[in-house]
Amino acid sequence: MKRLFAVTALVLLTGQMSLAAIYIPPTPTSPFVDPAWERFTEGTTFQWWTFGTPLVSSMSTVLPDYYHNPNGTPSALVLASQYGVNNDIWFDEWGGHFGVVPLSGSVIADIPNYETDNPYKDILIQFIWAADEPADPGEEEETPCVTVEIDGVYYTVDPASDLLLGLTGEPGAGVYWHFSTYLLEVEPNPYEEKITVSGNILIDELAIDTICFPEPTTIVLLTAGSAGLLLRRWRK
């Protein structure tokens, strides 16, 4: 299930009102969650990979299926592994899910950012995955590793939540599909970050939201400036 919204906005051009369509891309539905902030507003980015298109090779650059990023085009370097009896690097259907990539390598998402010196930003990472092999008796299934590279420094992110979605039903693989979320705050706001999801897993979908927060004084000044502009217009 995907949601597609198109809203109509009034745009002031040369003193006259006209209608203009603003396109808002589809966003993932449950189990994916909306970020704490409002998407598609100033300072935010959104990118969503469904991996619905076959990979060209085991090392492929994949653009998101849907995104909203005013700073440039995000991309993901997918390092896939050969998996299954046919050594596939992509599955049209696997475990009841569609568009599945066996990693045993990584997905490295490159997210263009706002080139402003904002004090901090929040990043929400969400994806659906399954382990590519069952756990040993008494052990838990292998979990993915999520890291964020900022200015050449790598930071490991712990999961905020992990939800079991259902059985994969695939012999020789992990028992469950998982939905995991990761949330981190970065200080100060970097101009670009690389987000890596790695491990012996199969990945189904990946969504990344970001928001940059300006200085509180900047917000106050902008608000005051807008109020002053409205006041001057009112007095004319």
# chains A, B, ... in the order shown; residues from 1 in each chain; ligands from 1
$ residues_around --residues "stretch 96-105 of chain A" --least-positions-apart "2" --cutoff "6 Å" --atoms "only C-alpha atoms" --output "VMD selection string"
chain A and resid 51 to 52 79 to 81 90 to 94 198 to 204
$ write_last_selection --atoms "C-alpha atoms" --output "CSV table (one decimal), in the first residue's frame"
chain,number,residue,atom,x,y,z
A,51,PHE,CA,14.0,-2.3,-4.4
A,52,GLY,CA,11.3,-3.2,-6.9
A,79,LEU,CA,26.5,-4.4,-2.4
A,80,ALA,CA,24.4,-7.6,-2.9
A,81,SER,CA,25.4,-11.2,-2.4
A,90,TRP,CA,17.6,-9.8,-6.3
A,91,PHE,CA,14.3,-11.5,-5.8
A,92,ASP,CA,11.0,-10.4,-7.3
A,93,GLU,CA,9.4,-12.3,-4.5
A,94,TRP,CA,10.9,-13.9,-1.4
A,198,SER,CA,25.0,-4.0,6.6
A,199,GLY,CA,24.9,-7.6,7.8
A,200,ASN,CA,23.9,-11.1,6.6
A,201,ILE,CA,20.4,-10.1,5.9
A,202,LEU,CA,17.8,-9.7,3.1
A,203,ILE,CA,16.4,-6.2,2.9
A,204,ASP,CA,12.9,-5.4,1.6
$ select_by_dssp --residues "chain A" --states "strand (DSSP E)" --output "JSON, numbers by chain"
{"A": [2, 3, 4, 5, 6, 7, 8, 9, 10, 11, 12, 13, 16, 17, 18, 19, 20, 21, 22, 23, 24, 25, 26, 27, 28, 44, 45, 46, 47, 48, 49, 59, 60, 61, 62, 66, 67, 68, 75, 76, 77, 78, 79, 91, 92, 93, 94, 97, 98, 99, 100, 101, 102, 106, 107, 108, 109, 110, 111, 112, 120, 121, 122, 123, 124, 125, 126, 127, 128, 129, 130, 131, 145, 146, 147, 148, 149, 150, 153, 154, 155, 156, 157, 161, 162, 163, 164, 165, 166, 167, 176, 177, 178, 179, 180, 181, 182, 183, 184, 185, 186, 192, 193, 194, 195, 196, 197, 198, 201, 202, 203, 204, 205, 206, 207, 208, 209, 210, 211, 212, 213]}
$ write_last_selection --atoms "C-alpha atoms" --output "CSV table (one decimal), in the first residue's frame"
chain,number,residue,atom,x,y,z
A,2,LYS,CA,1.3,3.4,-0.9
A,3,ARG,CA,-0.2,6.9,-0.4
A,4,LEU,CA,-0.1,9.5,-3.0
A,5,PHE,CA,-1.2,13.1,-2.3
A,6,ALA,CA,-1.5,16.0,-4.6
A,7,VAL,CA,-2.3,19.4,-3.0
A,8,THR,CA,-3.3,22.6,-4.7
A,9,ALA,CA,-1.7,25.8,-3.6
A,10,LEU,CA,-2.4,29.4,-4.3
A,11,VAL,CA,0.7,31.1,-5.7
A,12,LEU,CA,0.9,34.9,-5.9
A,13,LEU,CA,2.4,35.8,-9.3
A,16,GLN,CA,-2.6,38.0,-9.3
A,17,MET,CA,-3.7,34.7,-7.7
A,18,SER,CA,-3.2,31.5,-9.7
A,19,LEU,CA,-3.4,27.8,-9.1
A,20,ALA,CA,-0.3,25.6,-9.0
A,21,ALA,CA,0.0,21.8,-8.2
A,22,ILE,CA,2.5,20.8,-5.6
A,23,TYR,CA,3.6,17.2,-5.9
A,24,ILE,CA,4.1,15.2,-2.7
A,25,PRO,CA,5.6,11.7,-3.3
A,26,PRO,CA,4.0,8.5,-1.9
A,27,THR,CA,5.1,7.5,1.6
A,28,PRO,CA,5.3,4.1,3.1
A,44,THR,CA,13.3,18.2,5.9
A,45,THR,CA,14.2,15.4,3.4
A,46,PHE,CA,12.6,12.1,2.6
A,47,GLN,CA,13.8,9.1,0.6
A,48,TRP,CA,12.2,5.7,0.2
A,49,TRP,CA,13.7,2.6,-1.6
A,59,MET,CA,27.4,-3.6,-7.0
A,60,SER,CA,24.7,-1.2,-8.1
A,61,THR,CA,23.8,2.4,-7.5
A,62,VAL,CA,20.1,2.6,-6.9
A,66,TYR,CA,10.3,8.2,-4.1
A,67,TYR,CA,12.0,11.1,-2.5
A,68,HIS,CA,11.8,14.8,-1.6
A,75,SER,CA,21.3,7.4,-4.0
A,76,ALA,CA,22.2,4.1,-2.5
A,77,LEU,CA,25.2,1.9,-3.3
A,78,VAL,CA,23.9,-1.7,-3.0
A,79,LEU,CA,26.5,-4.4,-2.4
A,91,PHE,CA,14.3,-11.5,-5.8
A,92,ASP,CA,11.0,-10.4,-7.3
A,93,GLU,CA,9.4,-12.3,-4.5
A,94,TRP,CA,10.9,-13.9,-1.4
A,97,HIS,CA,7.6,-9.9,0.2
A,98,PHE,CA,8.4,-8.3,-3.2
A,99,GLY,CA,11.6,-6.6,-4.3
A,100,VAL,CA,14.1,-8.2,-1.9
A,101,VAL,CA,17.9,-7.9,-1.9
A,102,PRO,CA,20.2,-10.3,-0.2
A,106,SER,CA,25.7,-3.4,2.6
A,107,VAL,CA,23.4,-0.6,1.4
A,108,ILE,CA,25.1,2.8,1.6
A,109,ALA,CA,22.7,5.6,1.3
A,110,ASP,CA,24.1,9.0,0.4
A,111,ILE,CA,21.8,11.8,1.6
A,112,PRO,CA,22.4,15.4,0.3
A,120,TYR,CA,21.7,19.9,14.9
A,121,LYS,CA,19.6,17.5,12.8
A,122,ASP,CA,17.5,14.4,13.5
A,123,ILE,CA,17.7,11.3,11.3
A,124,LEU,CA,15.0,8.5,11.2
A,125,ILE,CA,16.0,5.2,9.5
A,126,GLN,CA,13.4,2.5,9.0
A,127,PHE,CA,13.7,-0.8,7.1
A,128,ILE,CA,12.2,-4.3,6.7
A,129,TRP,CA,14.7,-7.2,6.8
A,130,ALA,CA,15.2,-10.9,7.5
A,131,ALA,CA,18.3,-12.9,8.5
A,145,CYS,CA,24.5,-3.0,11.8
A,146,VAL,CA,23.6,0.6,11.0
A,147,THR,CA,26.3,3.2,10.9
A,148,VAL,CA,26.4,6.9,9.9
A,149,GLU,CA,29.5,8.5,8.3
A,150,ILE,CA,29.9,12.2,9.0
A,153,VAL,CA,33.9,9.5,11.2
A,154,TYR,CA,31.7,6.5,11.6
A,155,TYR,CA,29.0,6.3,14.3
A,156,THR,CA,27.1,3.1,15.2
A,157,VAL,CA,23.4,3.5,15.8
A,161,SER,CA,12.7,-0.6,18.1
A,162,ASP,CA,12.4,-4.0,16.4
A,163,LEU,CA,9.0,-5.4,15.5
A,164,LEU,CA,8.4,-9.0,14.3
A,165,LEU,CA,6.2,-8.9,11.2
A,166,GLY,CA,5.7,-12.6,10.5
A,167,LEU,CA,7.3,-15.7,9.3
A,176,TYR,CA,11.0,-13.9,11.0
A,177,TRP,CA,10.6,-10.7,9.0
A,178,HIS,CA,11.7,-7.7,11.2
A,179,PHE,CA,10.8,-4.0,11.0
A,180,SER,CA,13.5,-1.9,12.7
A,181,THR,CA,13.7,1.8,13.4
A,182,TYR,CA,16.8,3.9,14.2
A,183,LEU,CA,16.8,7.5,15.4
A,184,LEU,CA,19.8,9.7,16.0
A,185,GLU,CA,20.6,13.3,16.6
A,186,VAL,CA,23.7,14.9,14.9
A,192,GLU,CA,26.1,15.4,3.9
A,193,GLU,CA,25.9,12.0,5.6
A,194,LYS,CA,26.3,8.4,4.4
A,195,ILE,CA,24.0,5.8,6.1
A,196,THR,CA,25.1,2.2,5.9
A,197,VAL,CA,22.9,-0.8,6.6
A,198,SER,CA,25.0,-4.0,6.6
A,201,ILE,CA,20.4,-10.1,5.9
A,202,LEU,CA,17.8,-9.7,3.1
A,203,ILE,CA,16.4,-6.2,2.9
A,204,ASP,CA,12.9,-5.4,1.6
A,205,GLU,CA,12.3,-1.6,2.0
A,206,LEU,CA,14.3,1.3,3.4
A,207,ALA,CA,13.0,4.8,4.3
A,208,ILE,CA,15.1,7.7,5.6
A,209,ASP,CA,13.8,11.0,6.9
A,210,THR,CA,15.9,13.9,8.1
A,211,ILE,CA,15.3,17.4,9.5
A,212,CYS,CA,17.6,20.3,10.2
A,213,PHE,CA,16.9,22.5,13.1
$ atom_distance --atom1 "atom CA of A:Leu55" --atom2 "atom CA of A:Glu141"
26.3 Å
$ closest_residue --among "A:Thr116, A:Ser58, A:Thr41, A:Thr168" --to "A:Asn87" --atoms "only C-alpha atoms"
A:Ser58
$ atom_distance --atom1 "atom CA of A:Glu133" --atom2 "atom CA of A:Pro54"
22.3 Å
$ atom_distance --atom1 "atom CA of A:Pro214" --atom2 "atom CA of A:Glu42"
10.5 Å
